[in-house]
$ cat entry_25.txt   # compact mmCIF, C-alpha atoms
# COMPACT_ATOMS: atom_id res chain seq x y z
CA LYS A 1 0.00 0.00 0.00
CA LYS A 2 1.27 3.44 -0.91
CA SER A 3 0.64 6.53 1.14
CA LEU A 4 -0.86 9.57 -0.54
CA SER A 5 2.39 11.46 -0.11
CA SER A 6 4.31 8.82 -2.07
CA GLU A 7 4.99 9.22 -5.76
CA ILE A 8 2.45 7.24 -7.78
CA SER A 9 3.78 5.38 -10.81
CA PHE A 10 1.70 3.79 -13.55
CA ASN A 11 2.75 0.27 -12.74
CA GLU A 12 0.49 -2.76 -13.03
CA GLU A 13 1.63 -3.89 -9.61
CA TYR A 14 -0.05 -0.89 -7.99
CA LEU A 15 -2.88 -0.22 -10.40
CA PHE A 16 -4.39 -3.70 -10.56
CA ASP A 17 -3.32 -5.73 -7.55
CA PRO A 18 -6.08 -5.67 -4.87
CA LYS A 19 -3.59 -6.06 -2.03
CA TYR A 20 -2.43 -2.50 -2.65
CA LEU A 21 -5.94 -1.07 -2.36
CA ASP A 22 -7.55 -0.01 0.88
CA ALA A 23 -10.11 -2.65 1.89
CA ASN A 24 -12.55 0.12 2.82
CA SER A 25 -12.16 2.03 -0.45
CA GLY A 26 -15.02 0.19 -2.11
CA ILE A 27 -12.95 -0.27 -5.28
CA LYS A 28 -13.37 -3.59 -7.02
CA VAL A 29 -10.60 -4.68 -9.39
CA GLU A 30 -11.38 -6.76 -12.46
CA ARG A 31 -8.79 -7.61 -15.13
CA LEU A 32 -10.15 -6.91 -18.60
CA GLN A 33 -7.38 -8.86 -20.31
CA PRO A 34 -5.37 -11.89 -19.22
CA PRO A 35 -1.76 -11.34 -18.13
CA ILE A 36 0.80 -10.80 -20.90
CA HIS A 37 2.39 -14.22 -20.52
CA GLU A 38 -1.02 -15.87 -21.01
CA GLN A 39 -1.75 -13.70 -24.05
CA GLN A 40 1.56 -14.78 -25.56
CA ILE A 41 0.64 -18.45 -25.21
CA GLN A 42 -2.76 -17.83 -26.82
CA LEU A 43 -1.30 -15.78 -29.68
CA LEU A 44 1.39 -18.35 -30.47
CA LYS A 45 -1.20 -21.14 -30.66
CA LYS A 46 -3.39 -19.07 -32.98
CA LEU A 47 -0.51 -18.01 -35.23
CA GLU A 48 1.03 -21.48 -35.49
CA SER A 49 -2.30 -23.01 -36.47
CA ARG A 50 -2.68 -20.56 -39.38
CA LEU A 51 0.88 -20.50 -40.66
CA VAL A 52 1.68 -22.29 -43.88
CA LYS A 53 4.78 -24.31 -43.15
CA LYS A 54 7.33 -23.01 -45.60
CA LYS A 55 11.03 -22.43 -45.70
CA THR A 56 13.36 -20.90 -48.23
CA LYS A 57 16.51 -22.27 -49.77
CA ILE A 58 19.85 -21.19 -48.34
CA ARG A 59 20.52 -17.55 -49.23
CA THR A 60 23.52 -16.55 -51.32
CA ASN A 61 23.36 -12.78 -51.11
CA TYR A 62 26.88 -11.87 -50.01
CA GLN A 63 28.19 -8.73 -51.68
CA PRO A 64 31.76 -7.46 -52.25
CA SER A 65 31.04 -3.90 -51.10
CA ALA A 66 28.52 -1.70 -49.34
CA GLU A 67 27.70 -0.12 -52.68
CA ALA A 68 26.94 -3.53 -54.21
CA LEU A 69 24.72 -4.42 -51.24
CA SER A 70 22.84 -1.12 -51.65
CA GLU A 71 22.30 -1.81 -55.35
CA SER A 72 21.01 -5.29 -54.48
CA ILE A 73 18.43 -3.84 -52.10
CA LEU A 74 17.26 -1.25 -54.65
CA LYS A 75 16.85 -3.89 -57.37
CA LYS A 76 14.86 -6.18 -55.05
CA ILE A 77 12.42 -3.45 -53.94
CA GLU A 78 11.65 -2.56 -57.56
CA ARG A 79 10.28 -6.08 -58.13
CA ALA A 80 8.40 -6.59 -54.86
CA PRO A 81 5.79 -4.87 -52.65
CA GLY A 82 8.26 -4.77 -49.76
CA ILE A 83 11.62 -5.92 -48.47
CA CYS A 84 12.88 -7.20 -45.13
CA ILE A 85 16.25 -5.70 -44.14
CA GLY A 86 18.14 -7.28 -41.24
CA GLU A 87 20.73 -5.69 -38.99
CA ARG A 88 22.78 -6.35 -35.90
CA HIS A 89 21.11 -4.06 -33.40
CA ASP A 90 24.37 -2.82 -31.88
CA ASN A 91 26.12 -2.17 -35.19
CA GLU A 92 26.31 1.53 -36.02
CA ASN A 93 27.54 0.82 -39.57
CA HIS A 94 24.39 -1.18 -40.35
CA LYS A 95 22.27 1.80 -39.37
CA LYS A 96 24.56 4.08 -41.36
CA LEU A 97 24.06 1.97 -44.48
CA PHE A 98 20.29 1.87 -43.97
CA ILE A 99 19.98 5.61 -43.30
CA SER A 100 22.05 6.44 -46.39
CA MET A 101 19.66 4.32 -48.50
CA LEU A 102 16.37 5.83 -47.34
CA PRO A 103 16.32 8.63 -49.96
CA GLU A 104 16.79 6.12 -52.79
CA LEU A 105 14.16 3.81 -51.28
CA LYS A 106 11.74 6.73 -51.12
CA ARG A 107 12.37 7.36 -54.80
CA ARG A 108 11.29 3.78 -55.43
CA ASN A 109 7.86 4.50 -53.91
CA VAL A 110 8.55 3.24 -50.37
CA ASN A 111 6.30 5.13 -47.96
CA HIS A 112 6.21 2.91 -44.85
CA LEU A 113 8.91 1.57 -42.53
CA PHE A 114 7.95 -1.13 -40.03
CA LEU A 115 10.42 -1.01 -37.14
CA GLU A 116 11.15 -3.78 -34.63
CA ASN A 117 11.21 -3.04 -30.87
CA THR A 118 8.60 -0.29 -31.16
CA PHE A 119 5.06 -0.90 -29.92
CA SER A 120 1.83 -0.51 -31.82
CA GLU A 121 -0.62 0.08 -28.98
CA THR A 122 1.34 2.80 -27.21
CA GLN A 123 3.55 4.38 -29.89
CA ARG A 124 1.80 4.29 -33.25
CA HIS A 125 0.10 7.61 -32.55
CA LEU A 126 3.43 9.11 -31.40
CA PHE A 127 5.12 8.20 -34.68
CA HIS A 128 2.12 9.53 -36.60
CA HIS A 129 2.27 12.83 -34.70
CA TYR A 130 5.96 13.25 -35.54
CA PHE A 131 5.36 12.34 -39.18
CA THR A 132 2.49 14.81 -39.64
CA THR A 133 3.73 17.75 -37.53
CA GLY A 134 7.52 17.45 -37.58
CA GLN A 135 7.62 17.69 -33.80
CA MET A 136 8.80 14.60 -31.93
CA PRO A 137 6.78 13.89 -28.78
CA GLY A 138 8.90 13.79 -25.62
CA ALA A 139 7.72 10.25 -24.83
CA LEU A 140 8.96 9.04 -28.23
CA LEU A 141 12.30 10.82 -27.91
CA ASP A 142 12.81 9.34 -24.44
CA PHE A 143 12.01 5.85 -25.69
CA LEU A 144 14.37 6.06 -28.70
CA ASN A 145 17.16 7.34 -26.43
CA LYS A 146 16.68 4.33 -24.15
CA LEU A 147 16.51 1.95 -27.12
CA ASP A 148 19.85 3.25 -28.41
CA LEU A 149 21.37 3.12 -24.96
CA ALA A 150 20.27 -0.51 -24.56
CA GLU A 151 22.19 -1.38 -27.73
CA GLY A 152 25.31 0.53 -26.65
CA ILE A 153 24.85 3.38 -29.14
CA ASP A 154 25.45 6.93 -27.89
CA ASN A 155 23.12 8.97 -30.10
CA THR A 156 24.60 12.21 -28.74
CA LYS A 157 27.82 11.35 -30.60
CA THR A 158 26.52 9.67 -33.75
CA PRO A 159 23.42 10.22 -35.89
CA TYR A 160 23.46 6.56 -36.95
CA SER A 161 21.08 5.22 -34.35
CA TYR A 162 17.40 4.36 -33.90
CA LEU A 163 16.79 8.06 -33.30
CA GLY A 164 18.62 8.77 -36.57
CA ILE A 165 16.57 6.18 -38.48
CA VAL A 166 13.26 7.66 -37.31
CA THR A 167 14.45 11.20 -38.02
CA MET A 168 15.72 10.37 -41.52
CA ALA A 169 12.51 8.50 -42.35
CA LYS A 170 10.54 11.63 -41.43
CA MET A 171 12.83 13.77 -43.62
CA CYS A 172 12.22 11.39 -46.53
CA GLY A 173 8.46 11.31 -46.05
CA ILE A 174 8.45 7.66 -44.95
CA GLN A 175 5.97 6.81 -42.18
CA VAL A 176 7.42 4.72 -39.34
CA VAL A 177 5.02 2.08 -37.99
CA PRO A 178 5.72 -0.03 -34.87
CA LEU A 179 6.16 -3.71 -35.74
CA ASP A 180 5.89 -5.09 -32.21
CA THR A 181 2.95 -5.14 -29.83
CA ILE A 182 3.01 -5.28 -26.06
CA VAL A 183 2.36 -9.01 -26.31
CA THR A 184 4.99 -9.83 -28.96
CA GLY A 185 7.64 -7.59 -27.42
CA ASP A 186 7.56 -8.59 -23.74
CA ARG A 187 10.70 -10.71 -23.42
CA GLY A 188 10.29 -11.06 -19.66
CA ALA A 189 6.92 -12.77 -19.99
CA MET A 190 8.32 -14.96 -22.77
CA PHE A 191 11.27 -15.97 -20.59
CA PHE A 192 8.78 -16.90 -17.85
CA ASN A 193 6.69 -18.97 -20.30
CA CYS A 194 9.79 -20.86 -21.44
CA ASN A 195 10.81 -21.80 -17.90
CA LYS A 196 13.83 -19.47 -18.20
CA ASP A 197 15.24 -21.49 -21.08
CA MET A 198 17.06 -18.92 -23.29
CA ASN A 199 17.02 -21.02 -26.47
CA GLU A 200 13.30 -21.67 -26.15
CA THR A 201 12.77 -17.95 -25.46
CA LEU A 202 14.64 -17.00 -28.65
CA LYS A 203 12.63 -19.53 -30.65
CA ASN A 204 9.32 -18.17 -29.37
CA ARG A 205 10.48 -14.59 -29.98
CA LEU A 206 11.14 -15.44 -33.62
CA LYS A 207 7.75 -17.14 -33.93
CA ILE A 208 5.63 -14.49 -32.29
CA LEU A 209 7.09 -11.55 -34.25
CA ASN A 210 7.52 -13.28 -37.61
CA TYR A 211 4.10 -14.89 -37.64
CA ASN A 212 2.28 -11.76 -36.46
CA VAL A 213 3.78 -9.44 -39.09
CA ASN A 214 0.86 -9.95 -41.49
CA ALA A 215 -1.60 -8.59 -38.93
CA ILE A 216 0.48 -5.43 -38.43
CA ILE A 217 0.81 -4.73 -42.16
CA ASN A 218 -2.86 -5.46 -42.84
CA SER A 219 -3.85 -2.93 -40.17
CA THR A 220 -1.87 -0.18 -41.92
CA GLU A 221 -3.53 1.89 -44.65
CA ASP A 222 -2.21 3.53 -47.83
CA ILE A 223 0.92 1.42 -48.27
CA ASN A 224 2.68 1.85 -51.60
CA LYS A 225 5.84 -0.13 -50.83
CA TYR A 226 7.30 -0.93 -47.45
CA ILE A 227 10.49 -1.81 -45.57
CA ILE A 228 10.62 -4.09 -42.56
CA TYR A 229 13.74 -3.32 -40.50
CA VAL A 230 14.50 -6.00 -37.91
CA GLY A 231 17.27 -8.04 -36.36
CA SER A 232 18.79 -10.34 -38.97
CA ALA A 233 17.53 -13.50 -37.23
CA HIS A 234 13.97 -12.56 -38.23
CA CYS A 235 14.63 -12.28 -41.99
CA ASP A 236 14.77 -15.85 -43.23
CA TYR A 237 14.01 -19.41 -42.21
CA SER A 238 15.89 -20.34 -39.05
CA GLN A 239 17.50 -23.74 -39.42
CA GLU A 240 18.46 -23.74 -35.75
CA PHE A 241 14.90 -23.28 -34.49
CA GLY A 242 12.82 -24.40 -37.48
CA VAL A 243 10.96 -21.07 -37.65
CA ALA A 244 9.84 -19.40 -40.88
CA GLY A 245 11.31 -15.96 -41.49
CA ILE A 246 9.43 -12.75 -42.28
CA SER A 247 10.45 -13.09 -45.93
CA ASP A 248 8.81 -16.54 -45.96
CA VAL A 249 5.61 -15.40 -44.27
CA LEU A 250 5.13 -12.39 -46.57
CA ASN A 251 6.78 -13.87 -49.69
CA ILE A 252 9.09 -10.86 -50.05
CA PRO A 253 12.88 -10.63 -50.57
CA SER A 254 15.27 -10.06 -47.68
CA VAL A 255 18.79 -8.68 -47.29
CA LYS A 256 21.03 -8.66 -44.24
CA CYS A 257 23.38 -5.75 -43.59
CA GLU A 258 26.10 -8.13 -42.42
CA ASP A 259 26.27 -9.50 -45.94
CA TYR A 260 28.87 -6.76 -46.18
CA ASN A 261 30.31 -5.89 -42.79
CA LEU A 262 33.11 -3.41 -42.13
CA TYR A 263 34.14 -5.41 -39.06
CA PHE A 264 35.53 -8.07 -41.40
CA ARG A 265 37.80 -5.67 -43.31
CA PHE A 266 41.52 -5.82 -42.69
CA ASP A 267 42.29 -2.34 -44.01
CA GLN A 268 40.79 -0.44 -41.08
CA GLU A 269 42.44 2.85 -42.06
CA ARG A 270 40.27 3.13 -45.17
CA ILE A 271 36.94 2.56 -43.43
CA SER A 272 36.22 6.30 -43.54
CA GLU A 273 36.52 6.16 -47.33
CA ASP A 274 34.06 3.31 -47.73
CA ALA A 275 30.64 3.71 -49.32
CA PHE A 276 29.08 3.61 -45.85
CA SER A 277 30.60 7.05 -45.29
CA ARG A 278 30.52 8.47 -48.78
CA THR A 279 26.81 7.92 -49.42
CA THR A 280 25.94 10.04 -46.38
CA LEU A 281 27.92 13.10 -47.47
CA GLY A 282 25.46 15.91 -48.11
CA ILE A 283 22.92 14.13 -45.89
CA GLU A 284 24.62 13.90 -42.51
CA GLU A 285 24.61 17.65 -41.79
CA ASN A 286 20.87 17.91 -42.27
CA LEU A 287 20.24 14.71 -40.30
CA ILE A 288 22.18 16.04 -37.32
CA SER A 289 20.28 19.33 -37.55
CA SER A 290 16.93 17.51 -37.53
CA ILE A 291 17.99 15.38 -34.55
CA GLN A 292 18.99 18.50 -32.65
CA GLN A 293 15.58 20.03 -33.37
CA ALA A 294 13.88 16.87 -32.08
CA VAL A 295 15.94 16.93 -28.89
CA LYS A 296 15.01 20.58 -28.31
CA GLY A 297 11.32 19.85 -28.93
CA GLU A 298 11.31 22.03 -32.04
CA SER A 299 9.44 21.28 -35.23
CA SER A 300 11.71 20.06 -38.04
CA GLU A 301 11.04 21.39 -41.52
CA ASN A 302 13.84 19.49 -43.28
CA LYS A 303 12.37 17.53 -46.15
CA LEU A 304 13.56 15.22 -48.91
CA GLU A 305 14.29 18.01 -51.37
CA ASP A 306 16.41 19.81 -48.76
CA TYR A 307 19.13 17.19 -48.64
CA LEU A 308 18.86 14.81 -51.61
CA PRO A 309 21.84 15.39 -53.90
CA LEU A 310 20.82 18.23 -56.20
CA SER A 311 20.54 17.20 -59.84
CA LYS A 312 22.91 19.98 -60.90
CA GLN A 313 25.65 18.83 -58.55
CA ILE A 314 25.18 15.19 -59.55
CA ALA A 315 25.51 16.29 -63.16
CA ASN A 316 28.75 18.11 -62.27
CA MET A 317 30.12 14.97 -60.63
CA GLN A 318 29.19 12.88 -63.67
CA LYS A 319 30.78 15.43 -66.02
CA PHE A 320 33.96 15.45 -63.94
CA LEU A 321 34.19 11.65 -63.99
CA ASN A 322 33.68 11.51 -67.76
CA GLN A 323 36.40 14.10 -68.35
CA LEU A 324 38.74 12.38 -65.88
CA LYS A 325 38.27 9.13 -67.76
CA ALA A 326 39.15 10.81 -71.05
CA ASP A 327 42.22 12.39 -69.46
CA VAL A 328 43.67 9.25 -67.86
CA PHE A 329 43.19 7.12 -70.99
CA ASP A 330 45.19 9.61 -73.06
CA LYS A 331 48.15 7.82 -74.65
CA LYS A 332 50.59 10.43 -73.37
CA TRP A 333 50.58 8.66 -70.00
CA ASP A 334 51.94 5.44 -71.52
CA THR A 335 55.46 6.92 -71.44
CA ALA A 336 55.05 9.47 -68.68
CA GLY A 337 57.04 7.60 -66.02
CA LYS A 338 60.76 8.24 -66.18
CA SER A 339 63.75 6.48 -64.70
CA ILE A 340 67.33 7.55 -63.95
CA ILE A 341 68.42 4.07 -65.08
CA PHE A 342 68.95 4.31 -68.86
CA PHE A 343 67.96 0.74 -69.77
CA VAL A 344 64.63 0.80 -67.87
CA LYS A 345 61.72 1.73 -70.15
CA PRO A 346 59.32 4.54 -69.18
CA TRP A 347 56.21 3.31 -67.41
CA VAL A 348 52.59 4.32 -66.83
CA PRO A 349 52.35 6.02 -63.42
CA GLN A 350 50.56 3.86 -60.81
CA GLY A 351 48.04 6.58 -60.02
CA ILE A 352 46.98 6.72 -63.68
CA LEU A 353 46.61 2.93 -63.71
CA ASP A 354 44.48 3.05 -60.54
CA LEU A 355 42.22 5.72 -62.03
CA ARG A 356 41.88 3.80 -65.30
CA ASP A 357 40.76 0.77 -63.33
CA LYS A 358 38.14 2.75 -61.41
CA LEU A 359 36.81 4.68 -64.43
CA THR A 360 36.50 1.89 -67.00
CA ASN A 361 32.73 1.48 -66.50
CA VAL A 362 31.90 5.01 -65.33
CA ASP A 363 29.37 5.48 -68.15
CA GLN A 364 27.28 2.62 -66.69
CA LEU A 365 26.51 4.33 -63.36
CA LYS A 366 22.72 4.55 -63.03
CA THR A 367 21.94 5.97 -59.58
CA ASP A 368 22.90 9.12 -57.68
CA ASN A 369 24.48 7.01 -54.95
CA ALA A 370 26.62 5.17 -57.49
CA ILE A 371 27.84 8.45 -59.00
CA ILE A 372 28.62 9.91 -55.56
CA ASN A 373 30.48 6.76 -54.52
CA LYS A 374 32.58 6.71 -57.69
CA PHE A 375 33.29 10.43 -57.42
CA TYR A 376 34.63 10.19 -53.86
CA ASP A 377 36.51 7.01 -54.68
CA CYS A 378 38.39 8.82 -57.47
CA LEU A 379 38.95 11.83 -55.21
CA HIS A 380 40.65 9.58 -52.66
CA THR A 381 42.74 7.95 -55.41
CA LEU A 382 43.86 11.36 -56.71
CA ASP A 383 44.91 12.37 -53.21
CA GLU A 384 46.87 9.15 -52.66
CA ALA A 385 48.50 9.34 -56.10
CA ASN A 386 49.62 12.91 -55.50
CA ASP A 387 51.25 11.89 -52.20
CA ARG A 388 53.06 8.99 -53.87
CA SER A 389 54.26 10.99 -56.89
CA GLY A 390 56.33 13.30 -54.72
CA SER A 391 58.77 10.49 -53.96
CA PHE A 392 59.77 9.81 -57.59
CA LEU A 393 61.97 11.65 -60.06
CA GLY A 394 60.68 13.15 -63.31
CA VAL A 395 57.02 13.14 -62.32
CA LYS A 396 56.09 16.83 -62.27
CA GLN A 397 53.64 16.27 -65.13
CA THR A 398 51.70 13.62 -63.23
CA SER A 399 51.95 15.47 -59.93
CA ASP A 400 50.50 18.63 -61.46
CA PHE A 401 47.72 16.59 -63.07
CA TYR A 402 46.73 14.90 -59.80
CA GLU A 403 46.77 18.20 -57.92
CA THR A 404 44.73 20.04 -60.56
CA LYS A 405 42.09 17.33 -60.76
CA TYR A 406 41.94 17.01 -57.00
CA ASP A 407 41.30 20.76 -56.69
CA GLU A 408 38.55 20.55 -59.32
CA ALA A 409 36.85 17.76 -57.38
CA ARG A 410 37.13 19.61 -54.07
CA ASN A 411 35.48 22.62 -55.69
CA ILE A 412 32.51 20.47 -56.70
CA ILE A 413 32.29 19.11 -53.15
CA SER A 414 32.23 22.60 -51.61
CA LYS A 415 29.31 23.55 -53.86
CA HIS A 416 27.58 20.25 -53.09
CA GLN A 417 27.91 20.66 -49.32
CA SER A 418 26.92 24.35 -49.28
CA ALA A 419 23.76 23.41 -51.15
CA HIS A 420 22.85 21.07 -48.28
CA LYS A 421 23.44 23.29 -45.26
CA PRO A 422 20.52 23.12 -42.79
CA LYS A 423 18.02 25.92 -43.03
$ encode --input "entry_25.txt" --output "structure tokens"
Amino acid sequence: KKSLSSEISFNEEYLFDPKYLDANSGIKVERLQPPIHEQQIQLLKKLESRLVKKKTKIRTNYQPSAEALSESILKKIERAPGICIGERHDNENHKKLFISMLPELKRRNVNHLFLENTFSETQRHLFHHYFTTGQMPGALLDFLNKLDLAEGIDNTKTPYSYLGIVTMAKMCGIQVVPLDTIVTGDRGAMFFNCNKDMNETLKNRLKILNYNVNAIINSTEDINKYIIYVGSAHCDYSQEFGVAGISDVLNIPSVKCEDYNLYFRFDQERISEDAFSRTTLGIEENLISSIQQAVKGESSENKLEDYLPLSKQIANMQKFLNQLKADVFDKKWDTAGKSIIFFVKPWVPQGILDLRDKLTNVDQLKTDNAIINKFYDCLHTLDEANDRSGSFLGVKQTSDFYETKYDEARNIISKHQSAHKPK
């Protein structure tokens, strides 16, 4: 029993348990719904009885680069009503890849994002309020902060977080919809039901979310195309537990972010130059601005057209790449390298060879992201080549070329970034 001077919290223990009510109060307590753990048992029985037992073949979706993985996702969504994208919840790079793709996904008619670990009964209206007004409710901000904290992500230091995903979706005009319910998301009750057996708990967690996804999508109106963003274990058929994945239940494609994972790269020094980073240039500044507005309780007016790469700047990048290709394939470079040893033939400078390799198929780039990635890749190569050329004799011609082209590229970047400064 709590005294009147005590702080009252909205906790089931105090709201519904008769032993905490004064016997003389005349208040009768009746539970309108069974306890969560009982609801979970009932829901699992209902879902399992309706589910068509189906499993997919082993996936072979591994990609050689983040850019290739992005292209795979974009191709799959063009041919399907939706796509299931899996992540490791504590991996910032997975969120970075996903956030960088949202503008392109929006362009492919995606207008809904179903997000795991958010709750339909209590949060759907909060997400809707943020989507329609641009002002994030304090309760939603507090929840997303705690969700990031639980996964070890400090969203005060990085925009690539759950808070960042929700903010970017709003900027793109993509409505976030909670994928979980109070029943499907209560791990404590599930652990209790499984007699504290962790493996059985994980199995039931997969079942109850994967099998209930149809009900959540069917209760959502005006879907053009959709993304389901979940932990990777939910994507496909689980051989370990014998549970159908979301892609099986909905008959949609799936991709896992770890199909290309920076943690497996040996060249850690070049991580900052990877497509994970490059695709967010021109976006990150506006994303951080919108997050800051949400934290302050201000209404964000940043929209898709405010930060998508402007067509003029993309055209400038494409023009630069085409000209660079013409320049590096000029035959004059075939004898540009010189040696102080008379019997050693002149050679093609390594930087020119590297650029030729990167620019061979530049005319086949089809998306803005692909053009941006290739542009920054060549910029990095020019910078490296210029550093290397200073250590050789007779290379002023190549050194001047690298420096001139590098300056041209930096000039395009400065225009690109200034066009995306937050309003």
$ residues_around --input "entry_25.txt" --residues "Phe192 (chain A)" --least-positions-apart "3" --cutoff "12 Å" --atoms "all atoms listed in the file" --output "mmCIF file with C-alpha atoms, in the frame of the given file"
data_model
loop_
_atom_site.group_PDB
_atom_site.id
_atom_site.type_symbol
_atom_site.label_atom_id
_atom_site.label_comp_id
_atom_site.auth_asym_id
_atom_site.auth_seq_id
_atom_site.Cartn_x
_atom_site.Cartn_y
_atom_site.Cartn_z
ATOM 1 C CA PRO A 35 -1.760 -11.340 -18.130
ATOM 2 C CA ILE A 36 0.800 -10.800 -20.900
ATOM 3 C CA HIS A 37 2.390 -14.220 -20.520
ATOM 4 C CA GLU A 38 -1.020 -15.870 -21.010
ATOM 5 C CA GLN A 40 1.560 -14.780 -25.560
ATOM 6 C CA ILE A 41 0.640 -18.450 -25.210
ATOM 7 C CA ASP A 186 7.560 -8.590 -23.740
ATOM 8 C CA ARG A 187 10.700 -10.710 -23.420
ATOM 9 C CA GLY A 188 10.290 -11.060 -19.660
ATOM 10 C CA ALA A 189 6.920 -12.770 -19.990
ATOM 11 C CA ASN A 195 10.810 -21.800 -17.900
ATOM 12 C CA LYS A 196 13.830 -19.470 -18.200
ATOM 13 C CA ASP A 197 15.240 -21.490 -21.080
ATOM 14 C CA MET A 198 17.060 -18.920 -23.290
ATOM 15 C CA GLU A 200 13.300 -21.670 -26.150
ATOM 16 C CA THR A 201 12.770 -17.950 -25.460
ATOM 17 C CA ASN A 204 9.320 -18.170 -29.370
#
$ closest_residue --input "entry_25.txt" --among "A:Lys256, A:Leu102, A:Tyr229, A:Val295" --to "Gly138 (chain A)" --atoms "all atoms listed in the file"
A:Val295
$ closest_residue --input "entry_25.txt" --among "A:Arg88, A:Arg108, A:Lys296, A:Lys96" --to "Gln135 (chain A)" --atoms "only C-alpha atoms"
A:Lys296
$ atom_distance --input "entry_25.txt" --atom1 "CA of Leu179 (chain A)" --atom2 "CA of Thr133 (chain A)"
21.7 Å
$ residues_around --input "entry_25.txt" --residues "Asn386 (chain A)" --least-positions-apart "6" --cutoff "9 Å" --atoms "only C-alpha atoms" --output "VMD selection string"
chain A and resid 351 398 to 403 406
$ write_last_selection --input "entry_25.txt" --atoms "C-alpha atoms" --output "PDB file, keeping the file's coordinate frame"
ATOM      1  CA  GLY A 351      48.040   6.580 -60.020  1.00  0.00           C
ATOM      2  CA  THR A 398      51.700  13.620 -63.230  1.00  0.00           C
ATOM      3  CA  SER A 399      51.950  15.470 -59.930  1.00  0.00           C
ATOM      4  CA  ASP A 400      50.500  18.630 -61.460  1.00  0.00           C
ATOM      5  CA  PHE A 401      47.720  16.590 -63.070  1.00  0.00           C
ATOM      6  CA  TYR A 402      46.730  14.900 -59.800  1.00  0.00           C
ATOM      7  CA  GLU A 403      46.770  18.200 -57.920  1.00  0.00           C
ATOM      8  CA  TYR A 406      41.940  17.010 -57.000  1.00  0.00           C
TER       9      TYR A 406
END
$ atom_distance --input "entry_25.txt" --atom1 "CA of Leu353 (chain A)" --atom2 "CA of Ala326 (chain A)"
13.1 Å
$ residues_around --input "entry_25.txt" --residues "Asn361 (chain A)" --least-positions-apart "2" --cutoff "12 Å" --atoms "all atoms listed in the file" --output "ChimeraX atom specification"
/A:321-322,325,355-359,363-366,370-371,374
$ residues_around --input "entry_25.txt" --residues "Asn199 (chain A)" --least-positions-apart "5" --cutoff "10 Å" --atoms "only C-alpha atoms" --output "PDB file with C-alpha atoms, in the coordinates of the input"
ATOM      1  CA  PHE A 191      11.270 -15.970 -20.590  1.00  0.00           C
ATOM      2  CA  CYS A 194       9.790 -20.860 -21.440  1.00  0.00           C
ATOM      3  CA  ASN A 204       9.320 -18.170 -29.370  1.00  0.00           C
ATOM      4  CA  ARG A 205      10.480 -14.590 -29.980  1.00  0.00           C
ATOM      5  CA  GLU A 240      18.460 -23.740 -35.750  1.00  0.00           C
ATOM      6  CA  PHE A 241      14.900 -23.280 -34.490  1.00  0.00           C
TER       7      PHE A 241
END
$ residues_near_point --input "entry_25.txt" --point "(3.5, -15.9, -30.9)" --cutoff "10 Å" --atoms "all atoms listed in the file" --output "ChimeraX atom specification"
/A:39-48,183-185,190,203-212
$ write_last_selection --input "entry_25.txt" --atoms "C-alpha atoms" --output "PDB file, in the coordinates of the input"
ATOM      1  CA  GLN A  39      -1.750 -13.700 -24.050  1.00  0.00           C
ATOM      2  CA  GLN A  40       1.560 -14.780 -25.560  1.00  0.00           C
ATOM      3  CA  ILE A  41       0.640 -18.450 -25.210  1.00  0.00           C
ATOM      4  CA  GLN A  42      -2.760 -17.830 -26.820  1.00  0.00           C
ATOM      5  CA  LEU A  43      -1.300 -15.780 -29.680  1.00  0.00           C
ATOM      6  CA  LEU A  44       1.390 -18.350 -30.470  1.00  0.00           C
ATOM      7  CA  LYS A  45      -1.200 -21.140 -30.660  1.00  0.00           C
ATOM      8  CA  LYS A  46      -3.390 -19.070 -32.980  1.00  0.00           C
ATOM      9  CA  LEU A  47      -0.510 -18.010 -35.230  1.00  0.00           C
ATOM     10  CA  GLU A  48       1.030 -21.480 -35.490  1.00  0.00           C
ATOM     11  CA  VAL A 183       2.360  -9.010 -26.310  1.00  0.00           C
ATOM     12  CA  THR A 184       4.990  -9.830 -28.960  1.00  0.00           C
ATOM     13  CA  GLY A 185       7.640  -7.590 -27.420  1.00  0.00           C
ATOM     14  CA  MET A 190       8.320 -14.960 -22.770  1.00  0.00           C
ATOM     15  CA  LYS A 203      12.630 -19.530 -30.650  1.00  0.00           C
ATOM     16  CA  ASN A 204       9.320 -18.170 -29.370  1.00  0.00           C
ATOM     17  CA  ARG A 205      10.480 -14.590 -29.980  1.00  0.00           C
ATOM     18  CA  LEU A 206      11.140 -15.440 -33.620  1.00  0.00           C
ATOM     19  CA  LYS A 207       7.750 -17.140 -33.930  1.00  0.00           C
ATOM     20  CA  ILE A 208       5.630 -14.490 -32.290  1.00  0.00           C
ATOM     21  CA  LEU A 209       7.090 -11.550 -34.250  1.00  0.00           C
ATOM     22  CA  ASN A 210       7.520 -13.280 -37.610  1.00  0.00           C
ATOM     23  CA  TYR A 211       4.100 -14.890 -37.640  1.00  0.00           C
ATOM     24  CA  ASN A 212       2.280 -11.760 -36.460  1.00  0.00           C
TER      25      ASN A 212
END
$ residues_around --input "entry_25.txt" --residues "Asn214 (chain A)" --least-positions-apart "6" --cutoff "12 Å" --atoms "all atoms listed in the file" --output "ChimeraX atom specification"
/A:47,50-51,114,179-180,208,220,228,246-252
$ closest_residue --input "entry_25.txt" --among "A:Asn193, A:Gln239, A:Ser300, A:Ser289" --to "Gly134 (chain A)" --atoms "all atoms listed in the file"
A:Ser300
